[in-house]
$ cat my_file-v8.txt   # compact mmCIF, C-alpha atoms
# COMPACT_ATOMS: atom_id res chain seq x y z
CA MET A 1 -36.61 -15.34 -20.08
CA ASN A 2 -34.72 -15.42 -23.32
CA GLU A 3 -35.81 -15.44 -26.89
CA PRO A 4 -36.03 -19.10 -27.79
CA ASN A 5 -33.28 -19.09 -30.39
CA GLN A 6 -30.81 -16.92 -28.49
CA PRO A 7 -29.31 -19.46 -26.10
CA ASP A 8 -28.85 -21.95 -28.90
CA VAL A 9 -27.08 -19.43 -31.09
CA LEU A 10 -24.93 -18.49 -28.20
CA ARG A 11 -24.27 -22.09 -27.28
CA ASP A 12 -23.28 -22.93 -30.84
CA GLN A 13 -20.91 -20.00 -30.99
CA LEU A 14 -19.38 -20.82 -27.64
CA LEU A 15 -18.98 -24.47 -28.56
CA ALA A 16 -17.28 -23.44 -31.79
CA LEU A 17 -15.01 -21.16 -29.80
CA ALA A 18 -14.25 -23.99 -27.37
CA ALA A 19 -13.32 -26.23 -30.28
CA GLU A 20 -10.93 -23.56 -31.52
CA THR A 21 -9.36 -22.98 -28.12
CA ARG A 22 -6.23 -25.06 -28.03
CA PRO A 23 -3.28 -24.84 -25.65
CA VAL A 24 -0.29 -22.98 -27.04
CA ASP A 25 2.22 -25.16 -25.22
CA PRO A 26 1.80 -28.87 -24.48
CA LEU A 27 -0.06 -29.41 -21.24
CA PRO A 28 1.71 -31.23 -18.39
CA SER A 29 1.15 -34.97 -18.61
CA ALA A 30 -0.64 -36.96 -15.93
CA GLU A 31 2.64 -38.72 -15.03
CA ARG A 32 4.42 -35.42 -14.54
CA LEU A 33 1.59 -34.11 -12.38
CA LEU A 34 1.57 -37.27 -10.29
CA TRP A 35 5.34 -37.03 -9.83
CA LYS A 36 5.12 -33.37 -8.82
CA ALA A 37 2.29 -34.11 -6.40
CA GLU A 38 4.38 -36.90 -4.86
CA ILE A 39 7.39 -34.58 -4.44
CA ARG A 40 5.19 -31.97 -2.86
CA ARG A 41 3.65 -34.55 -0.53
CA ARG A 42 7.07 -35.81 0.57
CA LEU A 43 8.30 -32.28 1.19
CA ALA A 44 5.23 -31.51 3.28
CA GLU A 45 5.73 -34.72 5.25
CA GLN A 46 9.40 -33.92 5.85
CA ARG A 47 8.51 -30.41 7.02
CA TYR A 48 5.89 -31.84 9.35
CA ARG A 49 8.37 -34.33 10.82
CA GLU A 50 10.94 -31.58 11.35
CA ASP A 51 8.34 -29.42 13.06
CA GLN A 52 7.36 -32.29 15.31
CA ALA A 53 10.98 -33.00 16.23
CA ALA A 54 11.79 -29.35 16.89
CA ARG A 55 8.69 -28.74 18.94
CA PRO A 56 9.18 -29.28 22.70
CA ALA A 57 6.87 -31.76 24.37
CA LEU A 58 4.23 -29.22 25.27
CA TRP A 59 2.52 -31.22 27.97
CA GLY A 60 5.81 -32.13 29.58
CA TRP A 61 6.92 -28.54 29.66
CA THR A 62 3.58 -27.38 31.04
CA ALA A 63 3.62 -30.02 33.76
CA GLY A 64 7.22 -29.11 34.65
CA LEU A 65 6.37 -25.45 34.73
CA LEU A 66 3.41 -26.02 37.04
CA ALA A 67 5.51 -28.22 39.32
CA GLY A 68 8.21 -25.54 39.42
CA ALA A 69 5.71 -22.81 40.23
CA ALA A 70 4.12 -24.98 42.95
CA THR A 71 7.55 -25.60 44.48
CA VAL A 72 8.35 -21.89 44.59
CA VAL A 73 4.98 -21.15 46.20
CA PHE A 74 5.55 -23.95 48.72
CA PHE A 75 9.03 -22.65 49.54
CA LEU A 76 7.84 -19.08 50.01
CA SER A 77 4.79 -20.00 52.09
CA LEU A 78 6.84 -22.30 54.27
CA HIS A 79 9.44 -19.67 55.11
CA LEU A 80 6.90 -16.86 55.37
CA ALA A 81 4.86 -18.86 57.86
CA GLN A 82 8.01 -19.62 59.80
CA GLY A 83 8.97 -15.94 59.81
CA LEU A 84 5.54 -14.74 60.95
CA ALA A 85 5.30 -17.29 63.73
CA GLY A 86 8.69 -16.16 65.09
CA ALA A 87 10.58 -18.00 67.76
CA SER A 88 7.49 -19.64 69.19
CA ALA A 89 6.97 -21.76 66.08
CA PRO A 90 8.31 -25.29 66.09
CA PRO A 91 11.36 -25.65 63.85
CA LEU A 92 10.81 -27.09 60.40
CA PRO A 93 11.83 -30.69 59.90
CA ALA A 94 15.28 -30.98 58.39
CA ALA A 95 13.92 -32.85 55.38
CA ALA A 96 11.50 -30.02 54.56
CA TRP A 97 14.32 -27.48 54.79
CA LEU A 98 16.53 -29.50 52.57
CA ALA A 99 13.79 -30.18 50.04
CA SER A 100 12.81 -26.53 49.81
CA LEU A 101 16.42 -25.38 49.52
CA ILE A 102 17.09 -27.76 46.62
CA ALA A 103 13.73 -27.67 44.89
CA ALA A 104 13.34 -23.90 44.82
CA PRO A 105 16.53 -23.12 42.84
CA VAL A 106 15.86 -26.06 40.52
CA ALA A 107 12.33 -24.76 39.86
CA ALA A 108 13.63 -21.23 39.32
CA LEU A 109 16.23 -22.51 36.86
CA PHE A 110 13.60 -24.55 35.10
CA ILE A 111 11.31 -21.52 34.71
CA MET A 112 14.20 -19.36 33.50
CA GLY A 113 15.14 -22.02 30.96
CA TRP A 114 11.56 -22.24 29.77
CA LEU A 115 11.31 -18.47 29.41
CA ARG A 116 14.61 -18.32 27.52
CA LYS A 117 13.41 -21.06 25.15
CA ARG A 118 10.21 -19.16 24.50
CA VAL A 119 12.12 -15.95 23.76
CA MET B 120 -16.71 -31.93 -1.29
CA ALA B 121 -15.01 -34.08 1.33
CA ALA B 122 -11.51 -35.27 0.61
CA GLY B 123 -11.11 -38.93 -0.05
CA PRO B 124 -8.23 -41.40 -0.27
CA ASP B 125 -5.43 -40.99 -2.78
CA LEU B 126 -6.49 -41.36 -6.37
CA ASP B 127 -5.34 -44.41 -8.28
CA PRO B 128 -2.69 -43.28 -10.85
CA ALA B 129 -4.50 -45.07 -13.68
CA ALA B 130 -7.79 -43.44 -12.72
CA PHE B 131 -6.09 -40.06 -12.52
CA THR B 132 -4.47 -40.53 -15.94
CA ALA B 133 -7.87 -41.23 -17.47
CA PHE B 134 -9.42 -38.33 -15.61
CA HIS B 135 -6.60 -36.02 -16.72
CA ALA B 136 -6.99 -37.11 -20.34
CA GLY B 137 -10.67 -36.20 -20.27
CA THR B 138 -10.39 -32.91 -18.41
CA ALA B 139 -7.07 -31.19 -19.24
CA GLY B 140 -8.17 -29.79 -22.60
CA PRO B 141 -11.59 -28.53 -21.49
CA LEU B 142 -10.14 -27.08 -18.29
CA TRP B 143 -7.43 -25.24 -20.18
CA GLY B 144 -10.05 -23.84 -22.57
CA TYR B 145 -12.17 -22.67 -19.64
CA LEU B 146 -9.20 -21.02 -17.92
CA LYS B 147 -8.00 -19.42 -21.13
CA ARG B 148 -11.40 -17.97 -21.90
CA ILE B 149 -12.22 -16.68 -18.43
CA GLY B 150 -8.73 -15.31 -17.84
CA ASP B 151 -7.92 -14.30 -21.41
CA ASP B 152 -4.31 -15.28 -20.78
CA ALA B 153 -2.69 -18.49 -22.05
CA ALA B 154 0.28 -18.39 -19.66
CA LEU B 155 -2.01 -17.86 -16.69
CA ALA B 156 -4.17 -20.76 -17.88
CA ASP B 157 -1.07 -23.00 -18.00
CA ASP B 158 -0.07 -22.10 -14.44
CA VAL B 159 -3.52 -22.41 -12.96
CA LEU B 160 -4.16 -25.69 -14.74
CA GLN B 161 -1.07 -27.32 -13.27
CA GLU B 162 -1.75 -25.96 -9.80
CA SER B 163 -5.37 -27.11 -10.02
CA TYR B 164 -4.35 -30.70 -10.67
CA LEU B 165 -1.76 -30.62 -7.90
CA ARG B 166 -4.36 -29.35 -5.45
CA PHE B 167 -6.77 -31.97 -6.74
CA LEU B 168 -4.18 -34.69 -6.09
CA SER B 169 -3.26 -33.40 -2.66
CA ARG B 170 -6.89 -33.29 -1.62
CA PRO B 171 -8.77 -35.69 -3.89
CA PRO B 172 -12.56 -35.85 -3.87
CA ALA B 173 -14.49 -38.51 -2.00
CA ALA B 174 -14.02 -41.99 -3.40
CA ALA B 175 -17.76 -42.31 -3.87
CA SER B 176 -17.91 -39.27 -6.16
CA ASN B 177 -18.70 -39.90 -9.80
CA GLU B 178 -16.84 -38.59 -12.84
CA ARG B 179 -19.04 -35.53 -13.19
CA GLU B 180 -18.60 -34.58 -9.52
CA ARG B 181 -14.84 -34.99 -9.76
CA ARG B 182 -14.80 -32.81 -12.84
CA SER B 183 -16.94 -30.20 -11.13
CA TYR B 184 -14.60 -30.30 -8.13
CA LEU B 185 -11.59 -29.72 -10.39
CA PHE B 186 -13.28 -26.76 -12.07
CA GLN B 187 -14.11 -25.36 -8.64
CA ILE B 188 -10.45 -25.57 -7.58
CA ALA B 189 -9.38 -23.91 -10.82
CA THR B 190 -11.93 -21.11 -10.44
CA ASN B 191 -10.81 -20.41 -6.88
CA LEU B 192 -7.17 -20.34 -7.95
CA MET B 193 -7.98 -17.97 -10.78
CA ARG B 194 -9.88 -15.73 -8.39
CA ASP B 195 -6.92 -15.75 -5.98
CA ARG B 196 -4.60 -14.70 -8.80
CA TRP B 197 -6.87 -11.81 -9.68
CA ARG B 198 -7.10 -10.73 -6.06
CA ARG B 199 -3.33 -10.77 -5.76
CA GLU B 200 -2.99 -8.92 -9.03
CA ASN B 201 -5.49 -6.31 -7.82
CA THR B 202 -3.64 -5.89 -4.54
CA GLU B 203 -0.45 -5.20 -6.44
CA ARG B 204 -2.24 -2.74 -8.67
CA THR B 205 -3.77 -1.01 -5.65
CA GLY B 206 -0.29 -0.58 -4.28
CA LEU B 207 0.73 1.09 -7.49
CA ALA B 208 -2.40 3.24 -7.48
CA ARG B 209 -3.30 2.06 -10.95
CA PHE B 210 -6.50 0.46 -9.93
CA LEU B 211 -10.05 1.74 -9.69
CA PRO B 212 -11.29 1.24 -6.10
CA GLY B 213 -14.15 -1.16 -5.52
CA GLU B 214 -13.48 -3.33 -8.52
CA SER B 215 -11.72 -6.63 -8.69
CA GLY B 216 -10.40 -8.68 -11.56
CA TRP B 217 -13.20 -11.10 -10.95
CA THR B 218 -15.95 -8.53 -11.53
CA ARG B 219 -14.17 -6.11 -13.83
CA GLY B 220 -14.90 -6.40 -17.52
CA ARG B 221 -12.11 -6.02 -20.01
CA THR B 222 -12.36 -3.36 -22.65
CA THR B 223 -10.59 -4.85 -25.62
CA ALA B 224 -10.76 -3.44 -29.12
CA ASP B 225 -13.88 -4.46 -30.98
CA GLN B 226 -13.38 -7.60 -33.05
CA LEU B 227 -15.89 -9.41 -35.17
CA ASP B 228 -15.90 -12.69 -33.36
CA CYS B 229 -17.26 -14.50 -30.40
CA ALA B 230 -13.93 -14.51 -28.58
CA ALA B 231 -13.82 -10.73 -28.58
CA ALA B 232 -17.42 -10.47 -27.41
CA LEU B 233 -16.67 -12.94 -24.63
CA ALA B 234 -13.48 -11.14 -23.65
CA ARG B 235 -15.47 -7.95 -23.15
CA LEU B 236 -17.57 -9.58 -20.46
CA ARG B 237 -16.69 -9.71 -16.80
CA PRO B 238 -14.69 -12.84 -15.95
CA ARG B 239 -17.52 -14.13 -13.79
CA ASP B 240 -19.95 -13.78 -16.70
CA ARG B 241 -17.50 -15.54 -18.97
CA ALA B 242 -17.25 -18.37 -16.47
CA LEU B 243 -21.03 -18.59 -16.17
CA LEU B 244 -21.54 -18.81 -19.92
CA TRP B 245 -18.70 -21.25 -20.42
CA LEU B 246 -19.78 -23.59 -17.65
CA ALA B 247 -23.42 -23.50 -18.72
CA HIS B 248 -23.03 -23.77 -22.48
CA VAL B 249 -19.66 -25.39 -23.14
CA GLU B 250 -19.33 -27.64 -20.11
CA GLY B 251 -23.07 -28.19 -19.80
CA TYR B 252 -23.27 -27.81 -16.04
CA GLU B 253 -26.56 -27.35 -14.24
CA HIS B 254 -27.25 -24.25 -12.18
CA ARG B 255 -26.58 -26.10 -8.93
CA GLU B 256 -23.18 -27.23 -10.16
CA ILE B 257 -22.30 -23.80 -11.49
CA ALA B 258 -23.23 -22.30 -8.13
CA GLU B 259 -20.90 -24.76 -6.42
CA ILE B 260 -18.03 -24.11 -8.79
CA LEU B 261 -18.30 -20.33 -8.69
CA GLY B 262 -19.28 -20.01 -5.05
CA LEU B 263 -22.68 -18.47 -5.79
CA ARG B 264 -26.19 -19.16 -4.62
CA THR B 265 -28.09 -21.52 -6.90
CA ALA B 266 -31.02 -19.10 -7.13
CA GLY B 267 -28.64 -16.33 -8.17
CA VAL B 268 -27.11 -18.31 -11.02
CA ARG B 269 -30.27 -18.16 -13.11
CA VAL B 270 -30.42 -14.37 -12.96
CA LEU B 271 -26.69 -13.89 -13.45
CA LEU B 272 -26.69 -16.28 -16.37
CA PHE B 273 -29.60 -14.47 -17.96
CA ARG B 274 -27.75 -11.14 -17.63
CA ALA B 275 -24.55 -12.65 -18.96
CA ARG B 276 -26.37 -14.07 -21.99
CA LYS B 277 -28.01 -10.73 -22.62
CA LYS B 278 -24.73 -8.86 -22.35
CA MET B 279 -23.02 -11.40 -24.58
CA MET B 280 -25.71 -11.03 -27.24
CA GLN B 281 -25.35 -7.26 -27.05
CA ASN B 282 -21.60 -7.57 -27.41
CA LEU B 283 -22.01 -9.85 -30.40
CA GLU B 284 -24.41 -7.40 -32.05
CA THR B 285 -22.23 -4.35 -31.42
CA THR B 286 -19.15 -6.06 -32.79
CA ARG B 287 -20.92 -7.02 -36.00
$ encode --input "my_file-v8.txt" --output "structure tokens"
Amino acid sequence: MNEPNQPDVLRDQLLALAAETRPVDPLPSAERLLWKAEIRRRLAEQRYREDQAARPALWGWTAGLLAGAATVVFFLSLHLAQGLAGASAPPLPAAAWLASLIAAPVAALFIMGWLRKRV
Amino acid sequence: MAAGPDLDPAAFTAFHAGTAGPLWGYLKRIGDDAALADDVLQESYLRFLSRPPAAASNERERRSYLFQIATNLMRDRWRRENTERTGLARFLPGESGWTRGRTTADQLDCAAALARLRPRDRALLWLAHVEGYEHREIAEILGLRTAGVRVLLFRARKKMMQNLETTR
């Protein structure tokens, strides 16, 4: 591909140039680089820990959200069914009424809190 | 190259002693800027330490890995520099610092002839002739195909010889 002597001439010249190429300022020592790398590593670790602490427990929140949504759906379906059936329907057990009356506002509050946190 | 466990400080000190000078020379010659070479050299070692090569890698592979990091950092700097220039409308579209050749005043030496090449060509010549890397290693360092290195190196040599002749 090349003339036989060309790469050698070039190599010699480049090697001579490399020998002449010296840093203007002293290069950072290995100790300094190791120290800087350690500082950087610690900072990254600290940032990671802070992120972890600040981050809500995603699975917990998701489970809570699903439970809240299920409660609201249960509450609505229960009362809708009762309304559609009219007077002929048997009355709901007191425990079911109580549970739906307590659980529905709690679920709504939970969902509102979750939405506010996301915003 | 896969990242390995943290490098032993003594091993790193020895590695640094053997690579700092050559790496600085490489960065200086491909970037034609001593201050830039200083910055990129330090950052290269820090990246190397934060993501060291596989423990099984030999000295030559570690060195090649370091040069690869440095080349990528240099390329990133040029890209950023080009983006800034584009914003200022002082830049020719379609060219990047990595592929653009510098047009310095003619000087009667090898450094001037090298500086007139595109940075990628400078890197090719330096890695092949000064660092003595094989085509496969050069391809890895510069992010090229191994088959392409042979052709690109041939063109770079040719251009360099032309530059040397015209500056004489």
$ closest_residue --input "my_file-v8.txt" --among "B:Asp151, B:Asp158, B:Glu200, B:Glu253" --to "Leu233 in chain B" --atoms "only C-alpha atoms"
B:Asp151
$ interface_residues --input "my_file-v8.txt" --of "chain A" --to "chain B" --cutoff "8 Å" --atoms "all atoms listed in the file" --output "list in words"
Met1, Asn2, Gln6, Pro7, Leu10, Arg11, Gln13, Leu14, Leu15, Leu17, Ala18, Thr21, Arg22, Pro23, Val24, Leu27, Pro28, Ala30, Glu31, Leu33, Leu34, Lys36, Ala37 and Arg41 of chain A
$ atom_distance --input "my_file-v8.txt" --atom1 "CA of Ala103 in chain A" --atom2 "CA of Val72 in chain A"
7.9 Å
$ residues_near_point --input "my_file-v8.txt" --point "(15.9, -22.0, 52.8)" --cutoff "8 Å" --atoms "all atoms listed in the file" --output "list in words"
Phe75, His79, Trp97, Leu98, Ser100 and Leu101 of chain A
$ atom_distance --input "my_file-v8.txt" --atom1 "CA of Leu192 in chain B" --atom2 "CA of Glu45 in chain A"
23.4 Å
$ atom_distance --input "my_file-v8.txt" --atom1 "CA of Ala174 in chain B" --atom2 "CA of Thr265 in chain B"
25.1 Å
